[in-house]
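Q: Shown below is the structure under consideration.
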Amino acid sequence: MKKIPYGKQHISELDIQAVVSVLQNDFLTQGPKVKEFEEKFASYVGSKYAIAVSNGTAALHLSALALGVQKGSRVITSPITFAASANCVRFCGGIIEFADIDPNTLCLDINKVREKLEAAPKGTYQGIIPVDFAGYAINMEAFRELANEYGMWILEDSCHAPGGFFNSQNGDKQNCGNGKFADAAIFSFHPVKHIACGEGGMITTNDPAIYKKLLSLRSHGITKDPNELTKIDGGWYYEMHHLGYNYRMPDLLCALGISQLDYAEENLKKRKEIAGRYIQAFANLPITIPKSTFDLGHAFHLFVIQVNDRKALYDYLNTNGISPQIHYIPVHKQPYYESLYGEQSFQHAETYYESCLSIPMYPSLSVEDQEYVIAIINQFYKQSHE
Ligand SMILES: *Cc1c(COP(=O)(O)O)cnc(C)c1O
């Protein structure tokens, strides 16, 4: 029987060569490929700086630290995201609060965020972590205006949206993670993401002070820069100025990332074609396609559908060799967060969760396999009407 996952990586012969050639050279980690990947990624999204880290979660953690999250800091995020978007605030001892999603975009509803801000004394909240869910590029300009009003920072979780964009008021195309509106943005190179490195992550920013902090925190908070040292005992001398981590991304994996970036745009085009075929195929079925799916700047990390009989369809697809996924169980419903903050309710997030299903979406999904997925879904509805 076929085995079709909801997402998977594609590794080319060129990718393999790129990794092998690093293995034949001097550096496995902290070599020239790190900088090269960072520069290439920065130029892909249009940011001034990019800093490669060990994974997307590390990218969130370091960004939260660099933005100043500490014990008692209050930060707002979406309940419909991977847990790490919220956890990064907890890593630093901060308090994470959720605001409901907009059912059209499935992303943090800016009006709900505004209501929260208006209901509390100014200065209560330090930051916002909007998530470009499924690949939809949030209007970061609008969030910037709101954040400025309240003196807050923005950390954009762009894990789903490399290559995604929105148009700002002046009509310019604004790539996710370009550093124009958010203080920092983060990406992941987990195998199901657009650029697959096994493990890996990237932080982009246009702010030199944040960039400098991130560099230090990524590698133990240690510096050898003569301009920063308080004294110099000899050539070996270094100083640790902050409590940092080892969140480095190895040269080996950066080489894979560099190679993967070469066809990021081509893959994005394939994702869009796959989305187009699904949209057409489901026109006459009792399937709701979220409004954001039709946005031009959508990067289609996921293809989400909403259906009434979600569990039955999920099981039916699995029985037929297709493995859909649910993105996501609302984070505030996780036992960890319920034990921390008690039971909370965000109606749109919960209603969405009851109906959502992510069906296969990845560049190497063949037309034949996609047609099989579509046929099985049609068969499901035909059966349920018999
Ligand atoms: C994948 C993902 C992360 C975490 O990335 P890892 O590389 O797996 O640590 C964070 N946020 C979102 C929205 C993600 O999809």
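Ligands are numbered from 1 in the order shown, residues from 1 within each chain, and chains are lettered A, B, ... in the order they appear in the structure tokens.
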Check which residues of range 298-344 of chain A sit at most 8 Å from range 265-277 of chain A using only C-alpha atoms, and return one row each with the closest pair of atoms and their distance in Å to one decimal, ordered by chain and rising number, as JSON lines.
A:
{"residue": "A:Ala299", "atom": "CA", "partner": "A:Leu268", "partner_atom": "CA", "distance": 6.6}
{"residue": "A:Phe300", "atom": "CA", "partner": "A:Arg271", "partner_atom": "CA", "distance": 6.0}
{"residue": "A:His301", "atom": "CA", "partner": "A:Arg271", "partner_atom": "CA", "distance": 7.8}
{"residue": "A:Phe303", "atom": "CA", "partner": "A:Ala275", "partner_atom": "CA", "distance": 6.9}
Q: Write out, as a tab-separated table, each residue of chain A that has an atom at most 9 Å from ligand 1, together with the closest pair of atoms and their distance in Å to one decimal, counting only C-alpha atoms and all ligand atoms, rows going by chain and rising number.
A:
residue	atom	partner	partner_atom_place_in_ligand_line	distance
A:Ser54	CA	ligand 1	7 (O)	7.7
A:Asn55	CA	ligand 1	7 (O)	4.0
A:Gly56	CA	ligand 1	7 (O)	3.4
A:Thr57	CA	ligand 1	9 (O)	3.7
A:Ala58	CA	ligand 1	9 (O)	6.5
A:Ala59	CA	ligand 1	9 (O)	7.8
A:Leu60	CA	ligand 1	10 (C)	7.4
A:Ile80	CA	ligand 1	13 (C)	8.8
A:Thr81	CA	ligand 1	13 (C)	5.3
A:Phe82	CA	ligand 1	12 (C)	4.9
A:Ala83	CA	ligand 1	11 (N)	7.2
A:Ala84	CA	ligand 1	10 (C)	5.2
A:Ser85	CA	ligand 1	11 (N)	5.2
A:Ala86	CA	ligand 1	11 (N)	8.8
A:Val131	CA	ligand 1	13 (C)	6.2
A:Asp132	CA	ligand 1	13 (C)	7.4
A:Phe133	CA	ligand 1	13 (C)	6.7
A:Ala134	CA	ligand 1	13 (C)	8.3
A:Asp157	CA	ligand 1	13 (C)	5.9
A:Ser158	CA	ligand 1	13 (C)	6.8
A:Cys159	CA	ligand 1	14 (C)	4.9
A:His160	CA	ligand 1	15 (O)	5.7
A:Ile186	CA	ligand 1	10 (C)	8.1
A:Phe187	CA	ligand 1	5 (O)	7.1
A:Ser188	CA	ligand 1	7 (O)	4.2
A:Phe189	CA	ligand 1	7 (O)	5.7
A:His190	CA	ligand 1	7 (O)	5.0
A:Pro191	CA	ligand 1	7 (O)	8.8
A:Val192	CA	ligand 1	1 (C)	8.0
A:Lys193	CA	ligand 1	1 (C)	7.0
A:Gly198	CA	ligand 1	7 (O)	8.6
A:Glu199	CA	ligand 1	7 (O)	6.0
A:Gly200	CA	ligand 1	7 (O)	5.8
A:Gly201	CA	ligand 1	7 (O)	5.8
A:His301	CA	ligand 1	15 (O)	8.9
Q: Keeping N, CA and C atoms for every residue in the selection just given, could you write it to a file as a short mmCIF file (atom, residue, chain, number, x, y, z; two decimals), in the first residue's frame?
A:
data_model
loop_
_atom_site.label_atom_id
_atom_site.label_comp_id
_atom_site.auth_asym_id
_atom_site.auth_seq_id
_atom_site.Cartn_x
_atom_site.Cartn_y
_atom_site.Cartn_z
N SER A 54 20.98 25.87 16.46
CA SER A 54 20.83 24.41 16.38
C SER A 54 19.44 23.92 15.98
N ASN A 55 18.40 24.68 16.26
CA ASN A 55 17.05 24.32 15.80
C ASN A 55 16.11 25.51 16.00
N GLY A 56 14.87 25.35 15.59
CA GLY A 56 13.91 26.46 15.69
C GLY A 56 13.61 26.83 17.13
N THR A 57 13.60 25.83 18.00
CA THR A 57 13.32 26.09 19.41
C THR A 57 14.46 26.89 20.05
N ALA A 58 15.69 26.55 19.69
CA ALA A 58 16.84 27.32 20.17
C ALA A 58 16.76 28.76 19.64
N ALA A 59 16.30 28.90 18.40
CA ALA A 59 16.14 30.23 17.80
C ALA A 59 15.14 31.05 18.62
N LEU A 60 14.05 30.41 19.04
CA LEU A 60 13.04 31.10 19.86
C LEU A 60 13.63 31.46 21.23
N ILE A 80 -2.79 28.59 18.47
CA ILE A 80 -2.68 27.63 17.38
C ILE A 80 -1.27 27.71 16.81
N THR A 81 -0.37 27.01 17.46
CA THR A 81 1.03 26.97 17.05
C THR A 81 1.69 25.77 17.70
N PHE A 82 2.93 25.52 17.31
CA PHE A 82 3.70 24.49 17.99
C PHE A 82 4.08 25.03 19.37
N ALA A 83 4.10 24.12 20.34
CA ALA A 83 4.31 24.51 21.74
C ALA A 83 5.53 25.42 21.95
N ALA A 84 6.57 25.22 21.13
CA ALA A 84 7.82 25.97 21.34
C ALA A 84 7.63 27.49 21.24
N SER A 85 6.65 27.95 20.44
CA SER A 85 6.42 29.40 20.33
C SER A 85 6.07 30.00 21.68
N ALA A 86 5.41 29.22 22.52
CA ALA A 86 5.05 29.67 23.86
C ALA A 86 6.16 29.32 24.87
N VAL A 131 2.62 34.12 14.78
CA VAL A 131 3.08 32.93 14.05
C VAL A 131 2.45 32.93 12.66
N ASP A 132 3.28 32.82 11.64
CA ASP A 132 2.77 32.80 10.25
C ASP A 132 2.21 31.41 9.98
N PHE A 133 1.07 31.13 10.57
CA PHE A 133 0.55 29.77 10.58
C PHE A 133 0.26 29.21 9.19
N ALA A 134 0.73 27.99 8.97
CA ALA A 134 0.54 27.22 7.73
C ALA A 134 1.31 27.80 6.55
N ASP A 157 7.38 34.22 14.53
CA ASP A 157 7.68 32.80 14.32
C ASP A 157 7.31 32.48 12.87
N SER A 158 8.34 32.48 12.02
CA SER A 158 8.15 32.28 10.57
C SER A 158 8.49 30.86 10.13
N CYS A 159 8.47 29.93 11.07
CA CYS A 159 8.85 28.54 10.73
C CYS A 159 8.08 27.99 9.54
N HIS A 160 6.83 28.45 9.38
CA HIS A 160 6.02 27.92 8.28
C HIS A 160 6.13 28.76 7.00
N ILE A 186 12.13 34.00 13.37
CA ILE A 186 12.84 32.73 13.47
C ILE A 186 12.30 31.71 12.47
N PHE A 187 13.20 30.78 12.09
CA PHE A 187 12.89 29.72 11.13
C PHE A 187 13.42 28.39 11.65
N SER A 188 12.89 27.30 11.13
CA SER A 188 13.35 25.96 11.52
C SER A 188 13.73 25.18 10.27
N PHE A 189 14.73 24.32 10.41
CA PHE A 189 15.13 23.46 9.28
C PHE A 189 14.92 21.99 9.60
N HIS A 190 13.90 21.74 10.41
CA HIS A 190 13.45 20.37 10.67
C HIS A 190 13.01 19.76 9.32
N PRO A 191 13.15 18.44 9.16
CA PRO A 191 12.84 17.83 7.85
C PRO A 191 11.46 18.14 7.25
N VAL A 192 10.44 18.40 8.08
CA VAL A 192 9.15 18.72 7.45
C VAL A 192 9.05 20.17 6.98
N LYS A 193 10.01 21.02 7.38
CA LYS A 193 9.94 22.43 6.99
C LYS A 193 10.44 22.63 5.55
N GLY A 198 17.72 18.43 8.82
CA GLY A 198 17.72 17.47 9.94
C GLY A 198 17.35 18.25 11.19
N GLU A 199 18.32 18.96 11.74
CA GLU A 199 18.05 19.96 12.78
C GLU A 199 18.70 21.26 12.32
N GLY A 200 18.12 22.35 12.72
CA GLY A 200 18.71 23.64 12.37
C GLY A 200 17.69 24.73 12.54
N GLY A 201 18.17 25.94 12.70
CA GLY A 201 17.27 27.07 12.84
C GLY A 201 17.98 28.35 12.43
N HIS A 301 3.30 25.94 3.80
CA HIS A 301 3.98 24.90 4.58
C HIS A 301 3.00 23.74 4.78
#
Q: From the list A:Ile359, A:Cys254, A:Leu65, A:Ile101, which residue is nearest Ile4 in chain A when using only C-alpha atoms?
A: A:Ile359
Q: Which of these, A:Ser73, A:Thr205, A:Ser12, A:Asn87, has the shortest distance to Ala42 in chain A once you count only C-alpha atoms?
A: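 Checking each candidate against Ala42 in chain A, we get A:Thr205 as the closest.
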Q: Identify, on the basis of only C-alpha atoms, every residue whose closest approach to Tyr381 in chain A does not exceed 12 Å; exclude the query and any residue fewer than 3 positions from it along the same chain; express the result as a ChimeraX atom specification.
A: /A:282,284-287,307-310,312-313,316-317,374-378,384-386
Q: Have a look at A:Ser63, A:Gln70, A:Gly151, A:Ser292 and name the one nearest to Ser216 in chain A; count only C-alpha atoms.
A: A:Ser63
Q: Extract, using only C-alpha atoms, all DNA, RNA and protein residues at most 7 Å from Lys291 in chain A, discarding same-chain residues fewer than 2 positions from it, and format them as number ranges by chain.
A: A: 104-105, 289, 293-294
Q: When DSSP works through the backbone of this structure, what residues of range 16-138 of chain A end up as alpha helix (DSSP H), shown as a ChimeraX atom specification?
A: /A:16-23,32-45,56-66,84-91,110-119
Q: Just list as a ChimeraX atom specification whatever in range 130-368 of chain A DSSP marks as strand (DSSP E).
A: /A:153-157,165-167,173-175,184-188,201-205,222-223,239-240,303-306,322-323,356-359
Q: Using 10 Å as the limit and counting only C-alpha atoms, can you tabulate each residue of range 81-157 of chain A that touches range 171-179 of chain A, with its shortest atom-to-atom distance in Å and the two atoms involved, as JSON lines?
A:
{"residue": "A:Asp132", "atom": "CA", "partner": "A:Cys176", "partner_atom": "CA", "distance": 8.2}
{"residue": "A:Gly135", "atom": "CA", "partner": "A:Cys176", "partner_atom": "CA", "distance": 9.5}
{"residue": "A:Tyr136", "atom": "CA", "partner": "A:Cys176", "partner_atom": "CA", "distance": 9.4}
{"residue": "A:Ala137", "atom": "CA", "partner": "A:Cys176", "partner_atom": "CA", "distance": 6.4}
{"residue": "A:Ile138", "atom": "CA", "partner": "A:Cys176", "partner_atom": "CA", "distance": 8.2}
{"residue": "A:Asn139", "atom": "CA", "partner": "A:Gln174", "partner_atom": "CA", "distance": 9.0}
{"residue": "A:Met140", "atom": "CA", "partner": "A:Cys176", "partner_atom": "CA", "distance": 8.6}
{"residue": "A:Glu141", "atom": "CA", "partner": "A:Gln174", "partner_atom": "CA", "distance": 9.2}
{"residue": "A:Leu155", "atom": "CA", "partner": "A:Gly177", "partner_atom": "CA", "distance": 9.5}
{"residue": "A:Glu156", "atom": "CA", "partner": "A:Gly177", "partner_atom": "CA", "distance": 7.2}
{"residue": "A:Asp157", "atom": "CA", "partner": "A:Gly177", "partner_atom": "CA", "distance": 8.6}
Q: Based on the selection just made, write N, CA and C atoms of those residues as a compact mmCIF listing (two decimals), in the first residue's frame.
A:
# COMPACT_ATOMS: atom_id res chain seq x y z
N ASP A 132 3.28 32.82 11.64
CA ASP A 132 2.77 32.80 10.25
C ASP A 132 2.21 31.41 9.98
N GLY A 135 1.85 29.02 6.73
CA GLY A 135 2.57 29.66 5.63
C GLY A 135 1.97 31.00 5.26
N TYR A 136 0.86 31.36 5.97
CA TYR A 136 0.23 32.65 5.71
C TYR A 136 1.07 33.77 6.34
N ALA A 137 1.44 34.75 5.55
CA ALA A 137 2.28 35.84 6.04
C ALA A 137 1.41 36.89 6.73
N ILE A 138 1.57 36.99 8.04
CA ILE A 138 0.79 37.96 8.82
C ILE A 138 1.17 39.38 8.40
N ASN A 139 0.19 40.28 8.46
CA ASN A 139 0.48 41.69 8.20
C ASN A 139 1.26 42.26 9.38
N MET A 140 2.58 42.21 9.25
CA MET A 140 3.45 42.58 10.35
C MET A 140 3.50 44.10 10.54
N GLU A 141 3.14 44.82 9.49
CA GLU A 141 3.13 46.28 9.59
C GLU A 141 2.06 46.71 10.61
N LEU A 155 8.47 39.28 17.99
CA LEU A 155 9.27 38.15 17.52
C LEU A 155 8.36 37.32 16.61
N GLU A 156 8.69 37.30 15.32
CA GLU A 156 7.84 36.60 14.36
C GLU A 156 8.28 35.14 14.24
N ASP A 157 7.38 34.22 14.53
CA ASP A 157 7.68 32.80 14.32
C ASP A 157 7.31 32.48 12.87
Q: Counting only C-alpha atoms, figure out which residue out of A:Phe143, A:Tyr247, A:Tyr353, A:Phe346 gets nearest to Ala52 in chain A.
A: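 For Ala52 in chain A, the nearest of the given residues is A:Tyr247.
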Q: Report as a list in words all protein, DNA and RNA residues lying within 9 Å of Trp236 in chain A, evaluated on only C-alpha atoms, omitting residues in the same chain fewer than 3 positions from it.
A: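 Final neighbour list, sorted by chain and number: Lys224, Ile232 and Asp233 of chain A.
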Q: If we count only C-alpha atoms, what is near Ser259 in chain A at a cut-off of 7 Å, once residues fewer than 5 positions away on the same chain are taken out, given as a list in words?
A: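 So the residues in contact are Leu14, Asp15 and Ala18 of chain A.
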Q: Pick from A:Gln325, A:Arg248, A:Ile128, A:Phe380: nearest to Gly31 in chain A, with only C-alpha atoms counted?
A: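 Nearest to Gly31 in chain A: A:Arg248.
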